[in-house]
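Q: Input file: model-v1.txt. Contents: compact mmCIF, C-alpha atoms and all ligand atoms.
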# COMPACT_ATOMS: atom_id res chain seq x y z
CA MET A 1 86.58 106.79 109.74
CA PHE A 2 83.56 104.73 109.19
CA ILE A 3 83.66 101.13 109.99
CA ILE A 4 81.60 98.61 108.25
CA PHE A 5 81.07 95.09 109.22
CA ALA A 6 79.64 92.13 107.51
CA VAL A 7 76.92 89.90 108.63
CA ASN A 8 74.80 87.40 107.00
CA ILE A 9 71.13 87.66 107.62
CA CYS A 10 69.84 84.62 105.89
CA SER A 11 72.18 82.50 107.87
CA TYR A 12 71.14 78.96 107.45
CA TYR A 13 69.36 78.41 104.21
CA MET A 14 71.32 79.58 101.24
CA SER A 15 74.68 78.50 100.04
CA PRO A 16 76.92 80.13 99.11
CA ARG A 17 75.48 83.07 100.91
CA PRO A 18 75.68 86.66 99.91
CA VAL A 19 77.40 88.70 102.56
CA LYS A 20 75.40 91.64 103.70
CA LEU A 21 77.41 94.55 104.95
CA ARG A 22 76.17 96.41 107.96
CA LYS A 23 77.65 99.66 108.92
CA ILE A 24 78.65 101.11 112.21
CA SER A 25 79.75 104.69 112.14
CA ASP A 26 80.93 105.03 115.74
CA PRO A 27 82.26 102.06 117.64
CA PRO A 28 81.17 102.02 121.31
CA ILE A 29 83.58 103.72 123.72
CA ILE A 30 83.05 101.14 126.45
CA SER A 31 82.94 97.36 126.58
CA GLY A 32 79.88 97.06 128.79
CA PHE A 33 77.98 97.89 131.96
CA LYS A 34 78.00 96.42 135.44
CA PRO A 35 75.03 96.62 137.77
CA TYR A 36 75.58 97.38 141.45
CA GLY A 37 73.62 96.89 144.63
CA LYS A 38 72.26 93.53 143.69
CA ASN A 39 71.01 91.69 146.79
CA LYS A 40 71.48 88.14 145.80
CA SER A 41 74.91 87.53 144.51
CA ASN A 42 75.81 83.98 143.75
CA GLY A 43 79.37 84.41 142.63
CA LYS A 44 79.26 84.44 138.87
CA PRO A 45 77.46 87.46 137.44
CA ASP A 46 74.82 86.92 134.79
CA LEU A 47 75.87 88.28 131.45
CA THR A 48 73.90 89.71 128.58
CA PHE A 49 75.70 90.07 125.29
CA LEU A 50 74.73 93.05 123.21
CA ASN A 51 76.26 92.72 119.80
CA LEU A 52 77.46 95.62 117.73
CA GLU A 53 74.57 95.86 115.37
CA GLU A 54 72.18 95.92 118.33
CA TYR A 55 74.26 98.64 119.94
CA GLU A 56 74.24 100.61 116.70
CA ALA A 57 70.49 100.27 116.23
CA LEU A 58 69.94 101.54 119.77
CA ARG A 59 72.37 104.40 119.27
CA LEU A 60 70.67 105.55 116.09
CA CYS A 61 67.06 105.09 117.20
CA ASP A 62 67.13 106.03 120.87
CA TYR A 63 70.18 108.21 121.27
CA LEU A 64 70.18 110.10 117.97
CA MET A 65 66.38 109.79 117.81
CA LEU A 66 66.34 108.89 114.16
CA ASP A 67 63.32 107.14 112.81
CA GLN A 68 63.66 103.51 111.84
CA LEU A 69 63.80 104.24 108.15
CA GLN A 70 66.72 106.63 108.57
CA ALA A 71 68.48 104.22 110.91
CA SER A 72 68.06 101.32 108.52
CA SER A 73 69.47 103.27 105.61
CA LEU A 74 72.45 104.39 107.69
CA MET A 75 73.15 100.79 108.58
CA ASN A 76 72.50 99.74 105.03
CA ILE A 77 69.90 97.18 105.95
CA SER A 78 66.20 96.84 105.27
CA ARG A 79 63.75 98.41 107.63
CA PRO A 80 62.27 95.10 108.85
CA THR A 81 65.78 93.90 109.65
CA LEU A 82 66.50 97.08 111.56
CA THR A 83 63.23 96.70 113.47
CA ARG A 84 64.19 93.17 114.46
CA ILE A 85 67.68 94.14 115.60
CA TYR A 86 66.40 97.17 117.47
CA GLY A 87 63.75 95.07 119.22
CA ARG A 88 66.37 92.58 120.29
CA ALA A 89 68.57 95.37 121.64
CA ARG A 90 65.76 96.80 123.77
CA GLN A 91 64.78 93.38 125.02
CA LYS A 92 68.32 92.68 126.15
CA ILE A 93 68.75 96.03 127.89
CA ALA A 94 65.40 95.63 129.65
CA GLU A 95 66.35 92.14 130.75
CA ALA A 96 69.66 93.39 132.13
CA PHE A 97 67.87 96.14 134.04
CA VAL A 98 65.18 93.92 135.48
CA LEU A 99 67.34 90.94 136.33
CA GLY A 100 70.44 92.91 137.30
CA LYS A 101 72.54 91.42 134.56
CA GLN A 102 75.84 92.69 133.34
CA ILE A 103 75.85 93.95 129.74
CA ILE A 104 78.79 93.13 127.56
CA ILE A 105 79.03 94.88 124.22
CA GLU A 106 80.90 92.67 121.88
CA GLY A 107 80.60 90.34 119.11
CA GLY A 108 79.89 90.67 116.26
CA LYS A 109 80.92 91.03 113.07
CA ILE A 110 83.84 92.00 111.19
CA TYR A 111 85.10 95.41 110.34
CA PHE A 112 85.42 96.55 106.80
CA ASP A 113 87.93 99.28 107.28
CA SER A 114 90.52 97.96 104.88
CA ASP A 115 90.63 95.53 102.09
CA TRP A 116 88.26 92.66 102.46
CA TYR A 117 87.32 90.11 99.90
CA ASN A 118 84.30 87.94 99.39
CA CYS A 119 84.80 84.56 97.74
CA LYS A 120 82.08 83.80 95.22
CA SER A 121 82.74 80.10 95.42
CA CYS A 122 82.66 79.19 99.14
CA GLY A 123 81.09 82.43 100.39
CA CYS A 124 83.78 83.25 102.93
CA VAL A 125 85.05 86.76 103.60
CA PHE A 126 88.75 87.30 104.17
CA ASN A 127 91.22 90.11 104.57
CA ASN A 128 94.68 90.71 103.23
CA PRO A 129 97.13 90.62 106.14
CA ASP A 130 100.15 91.50 104.03
CA LYS A 131 99.69 94.63 102.00
CA GLN A 132 102.88 93.89 100.05
CA LYS A 133 101.29 90.89 98.43
CA ILE A 134 98.36 90.68 96.11
CA ILE A 135 95.78 88.06 96.86
CA GLY A 136 95.47 85.58 94.02
CA GLU A 137 93.08 82.99 95.39
CA CYS A 138 90.63 82.33 98.18
CA PRO A 139 92.64 81.25 101.25
CA LEU A 140 90.02 78.63 102.03
CA CYS A 141 88.86 76.99 98.80
CA ARG A 142 91.48 78.42 96.41
CA ALA A 143 88.89 79.68 93.97
CA LYS A 144 90.02 82.66 91.94
CA ASP A 145 86.57 84.18 91.78
CA PHE A 146 86.31 86.75 94.54
CA THR A 147 85.37 90.40 94.78
CA ASN A 148 86.75 93.25 96.78
CA CYS A 149 84.29 94.54 99.38
CA SER A 150 85.93 97.93 99.74
CA GLU A 151 84.28 99.37 96.64
CA PHE A 152 81.06 98.88 98.45
CA SER A 153 82.29 100.60 101.58
CA HIS A 154 83.43 103.62 99.61
CA LYS A 155 80.03 103.92 98.11
CA SER A 156 78.28 103.76 101.45
CA LYS A 157 80.71 106.23 102.94
CA GLU A 158 79.72 108.70 100.26
CA SER A 159 76.02 108.17 100.76
CA LEU A 160 76.44 108.60 104.50
CA LYS A 161 78.20 111.90 103.92
CA ARG A 162 75.40 113.03 101.67
CA LYS A 163 72.82 112.13 104.27
CA ARG A 164 74.70 114.00 106.96
CA ASN A 165 75.00 117.10 104.80
CA LYS A 166 71.30 117.10 104.12
CA LYS A 167 70.49 117.55 107.79
CA MET B 1 101.61 76.81 107.37
CA LYS B 2 99.42 76.65 110.46
CA VAL B 3 95.74 77.49 110.43
CA ALA B 4 93.49 77.90 113.48
CA ILE B 5 89.86 76.87 113.16
CA THR B 6 87.35 77.67 115.89
CA SER B 7 85.59 74.45 116.83
CA THR B 8 82.57 73.53 118.96
CA GLY B 9 84.31 70.41 120.25
CA ASN B 10 87.43 68.30 120.08
CA SER B 11 86.76 65.99 117.17
CA MET B 12 86.66 66.11 113.39
CA ASP B 13 82.86 65.89 113.63
CA SER B 14 82.70 69.10 115.66
CA LYS B 15 81.28 72.13 113.90
CA LEU B 16 82.84 75.45 113.07
CA ASP B 17 82.30 77.56 116.19
CA GLN B 18 80.79 80.87 115.09
CA ARG B 19 82.47 82.77 117.90
CA PHE B 20 86.15 83.52 117.92
CA GLY B 21 87.09 84.70 121.42
CA ARG B 22 84.60 82.43 123.16
CA CYS B 23 84.81 79.37 120.98
CA SER B 24 84.91 76.00 122.67
CA HIS B 25 88.14 74.73 121.11
CA PHE B 26 90.81 75.85 118.70
CA MET B 27 91.82 73.34 116.13
CA ILE B 28 95.35 74.00 114.93
CA TYR B 29 96.03 72.47 111.56
CA ASP B 30 99.40 72.28 109.88
CA THR B 31 98.87 72.25 106.11
CA GLU B 32 102.32 70.81 105.44
CA THR B 33 102.57 67.99 107.98
CA LYS B 34 98.75 67.52 108.10
CA GLY B 35 99.18 67.49 111.87
CA MET B 36 96.23 68.60 113.96
CA GLU B 37 95.70 69.56 117.55
CA PHE B 38 92.58 70.50 119.48
CA ILE B 39 93.17 73.05 122.22
CA PRO B 40 90.36 73.76 124.71
CA ASN B 41 89.81 77.51 124.87
CA PRO B 42 90.52 78.69 128.44
CA ASN B 43 88.85 82.02 127.64
CA LYS B 44 85.49 80.53 126.80
CA ASP B 45 83.74 81.82 129.91
CA ALA B 46 85.93 84.82 130.60
CA GLN B 47 83.99 87.90 131.65
CA GLU B 48 86.04 90.20 129.52
CA GLY B 49 89.08 90.11 127.35
CA ALA B 50 88.21 86.77 125.79
CA GLY B 51 89.08 88.06 122.34
CA PRO B 52 92.58 89.42 122.99
CA ALA B 53 93.46 86.40 125.17
CA SER B 54 92.40 84.09 122.38
CA VAL B 55 94.47 86.06 119.89
CA GLN B 56 97.45 85.56 122.15
CA LEU B 57 96.79 81.85 122.39
CA VAL B 58 96.66 81.26 118.65
CA ALA B 59 99.53 83.65 117.97
CA SER B 60 101.70 81.63 120.37
CA ARG B 61 101.18 78.66 118.04
CA ASN B 62 102.50 80.62 115.06
CA VAL B 63 99.23 80.47 113.24
CA GLN B 64 99.01 82.42 109.98
CA LYS B 65 95.29 82.14 109.30
CA ILE B 66 92.21 81.91 111.48
CA ILE B 67 88.89 80.57 110.30
CA SER B 68 85.84 81.49 112.36
CA GLY B 69 82.27 82.73 112.06
CA GLU B 70 83.04 86.19 113.36
CA PHE B 71 85.73 88.38 114.86
CA GLY B 72 84.95 90.94 117.53
CA ILE B 73 85.58 94.60 117.64
CA LYS B 74 89.06 94.61 119.15
CA ILE B 75 90.37 91.62 117.31
CA LYS B 76 91.01 92.99 113.88
CA SER B 77 93.66 95.53 114.84
CA LEU B 78 95.43 92.93 116.97
CA LEU B 79 95.51 90.41 114.16
CA ASP B 80 96.55 93.08 111.65
CA ARG B 81 99.57 93.84 113.77
CA LEU B 82 100.44 90.14 113.93
CA LYS B 83 99.78 89.73 110.20
CA ILE B 84 97.38 86.90 110.80
CA GLN B 85 94.74 86.50 108.13
CA MET B 86 91.07 86.35 109.09
CA ILE B 87 88.69 84.13 107.20
CA VAL B 88 85.03 84.55 108.06
CA LEU B 89 82.75 81.68 107.25
CA LYS B 90 79.13 82.01 108.30
CA GLU B 91 78.41 78.32 108.17
CA PRO B 92 77.52 76.98 111.62
CA GLU B 93 76.81 73.55 110.18
CA LYS B 94 80.23 73.07 108.61
CA LYS B 95 82.24 70.32 110.24
CA ILE B 96 85.93 70.68 111.01
CA GLU B 97 86.51 67.80 108.63
CA ASP B 98 84.81 69.71 105.79
CA ILE B 99 87.02 72.72 106.38
CA ILE B 100 90.18 70.62 106.41
CA ASN B 101 89.03 69.15 103.10
CA MET B 102 88.54 72.63 101.68
CA LEU B 103 92.05 73.62 102.74
CA ASN B 104 93.53 70.48 101.19
CA HIS B 105 91.57 70.85 98.01
ZN ZN C 201 86.54 80.38 98.68
Rewrite the coordinates I just gave you, this time as structure tokens.
Ligand SMILES: [Zn+2]
A:
Amino acid sequence: MFIIFAVNICSYYMSPRPVKLRKISDPPIISGFKPYGKNKSNGKPDLTFLNLEEYEALRLCDYLMLDQLQASSLMNISRPTLTRIYGRARQKIAEAFVLGKQIIIEGGKIYFDSDWYNCKSCGCVFNNPDKQKIIGECPLCRAKDFTNCSEFSHKSKESLKRKRNKK
Amino acid sequence: MKVAITSTGNSMDSKLDQRFGRCSHFMIYDTETKGMEFIPNPNKDAQEGAGPASVQLVASRNVQKIISGEFGIKIKSLLDRLKIQMIVLKEPEKKIEDIINMLNH
């Protein structure tokens, strides 16, 4: 099952904002890394937070050795965005290595594995917790103008399959 | 119905905290009585498990919806099981007051 999560890149300037979906095909199997053998220990460990899109960028580029164009299309983002996320991931890992910081993989964004909706009026994204009921309005602003995100995820699932088959 | 909103502080002027598990406060709002309560999040600085612990905290208040900037990887399945609705709002500048106004609209 492919999991897709939403994030907004142009975070602060536009309103209501379009929600950009970013995909993660394999969630990480661990929640982080702990360093050992650190000389100076002052109680609380230093933490570095690697978010899921950074993890995914690193997995695609450095583990699967894809080029950045391939990685960006798998994550459904533009190449410059991928480059930025990937750079951030490497910076964080390097910092954890050099400073002996603990890495915590978390955060992030939301999964699009079931029915999610995007309100056109206030820009929020929400899920349907009760499959027996049909959602009639935005739970936040009560607007009736919202779209289902899952159509999108089906489409990207297909294109991912195609890409895999090509290899 | 009760709604939890992740908040950066304990007042109506506080902003919507973009993190769920590690938010500063939870604001619990009752849409019927208009009652509100700010709960400091004890899991804010937790090394791990901040998300699930925070789910437990809001679930214990019988919340039916949560409004936050993001939900982490383990949270969704937990909330699905509890039938709590997630509302993601990527608006770090929104004040708690604004969100209450949206809900009362
Ligand atoms: Zn809305």
Q: As a list in words, could you give me every residue of chain B near chain A (at most 6 Å apart, counting only C-alpha atoms)?
A: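 Therefore, the residues near the partner are Glu70, Phe71, Gly72, Lys83, Ile84, Gln85, Met86, Ile87, Val88, Leu89, Met102 and Leu103 of chain B.
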Q: As an exercise, work out the distance from atom CA of B:Ile66 to atom CA of A:Leu50 in Å and give it to one decimal place.
A: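 Atom CA of A:Leu50 lies at a distance of 23.8 Å from atom CA of B:Ile66.
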Q: Nearest to ligand ZN 201 (chain C) among B:Ile75, B:Ile67, B:Ala53, B:Leu16, with distances taken over only C-alpha atoms and all ligand atoms: which residue is it?
A: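 So, comparing all the options, the nearest one is B:Ile67.
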Q: Report, in Å to a single decimal, how far apart atom CA of B:Leu78 and atom CA of B:Glu97 are.
A: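 Straight-line distance from atom CA of B:Glu97 to atom CA of B:Leu78 works out to 27.9 Å.
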Q: What is the atom CA of B:Ser24-atom CA of B:Thr8 distance in Å, reported with one decimal?
A: 5.0 Å
Q: Here is a test: counting all atoms listed in the file, which residue of A:Glu56, A:Gln132, A:Lys120, A:Lys34 is nearest to ligand ZN 201 (chain C)?
A: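 Looking only at the distances to ligand ZN 201 (chain C), the closest residue turns out to be A:Lys120.
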Q: I want to know what sits within 8 Å of B:Met1, based on only C-alpha atoms, with residues of the same chain fewer than 6 positions away left out; could you give that as a PyMOL selection string?
A: chain B and resi 30-32+63-64
Q: Could you take the residues named above and write them with C-alpha atoms, as a PDB file, keeping the file's coordinate frame?
A:
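The resulting file, out.pdb, is shown below:
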ATOM      1  CA  ASP B  30      99.400  72.280 109.880  1.00  0.00           C
ATOM      2  CA  THR B  31      98.870  72.250 106.110  1.00  0.00           C
ATOM      3  CA  GLU B  32     102.320  70.810 105.440  1.00  0.00           C
ATOM      4  CA  VAL B  63      99.230  80.470 113.240  1.00  0.00           C
ATOM      5  CA  GLN B  64      99.010  82.420 109.980  1.00  0.00           C
TER       6      GLN B  64
END
Q: Here is a test: counting all atoms listed in the file, which residue of A:Leu60, A:Leu82, A:Cys119, A:Leu66 is nearest to ligand ZN 201 (chain C)?
A: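 That would be A:Cys119, the residue with the smallest distance to ligand ZN 201 (chain C).
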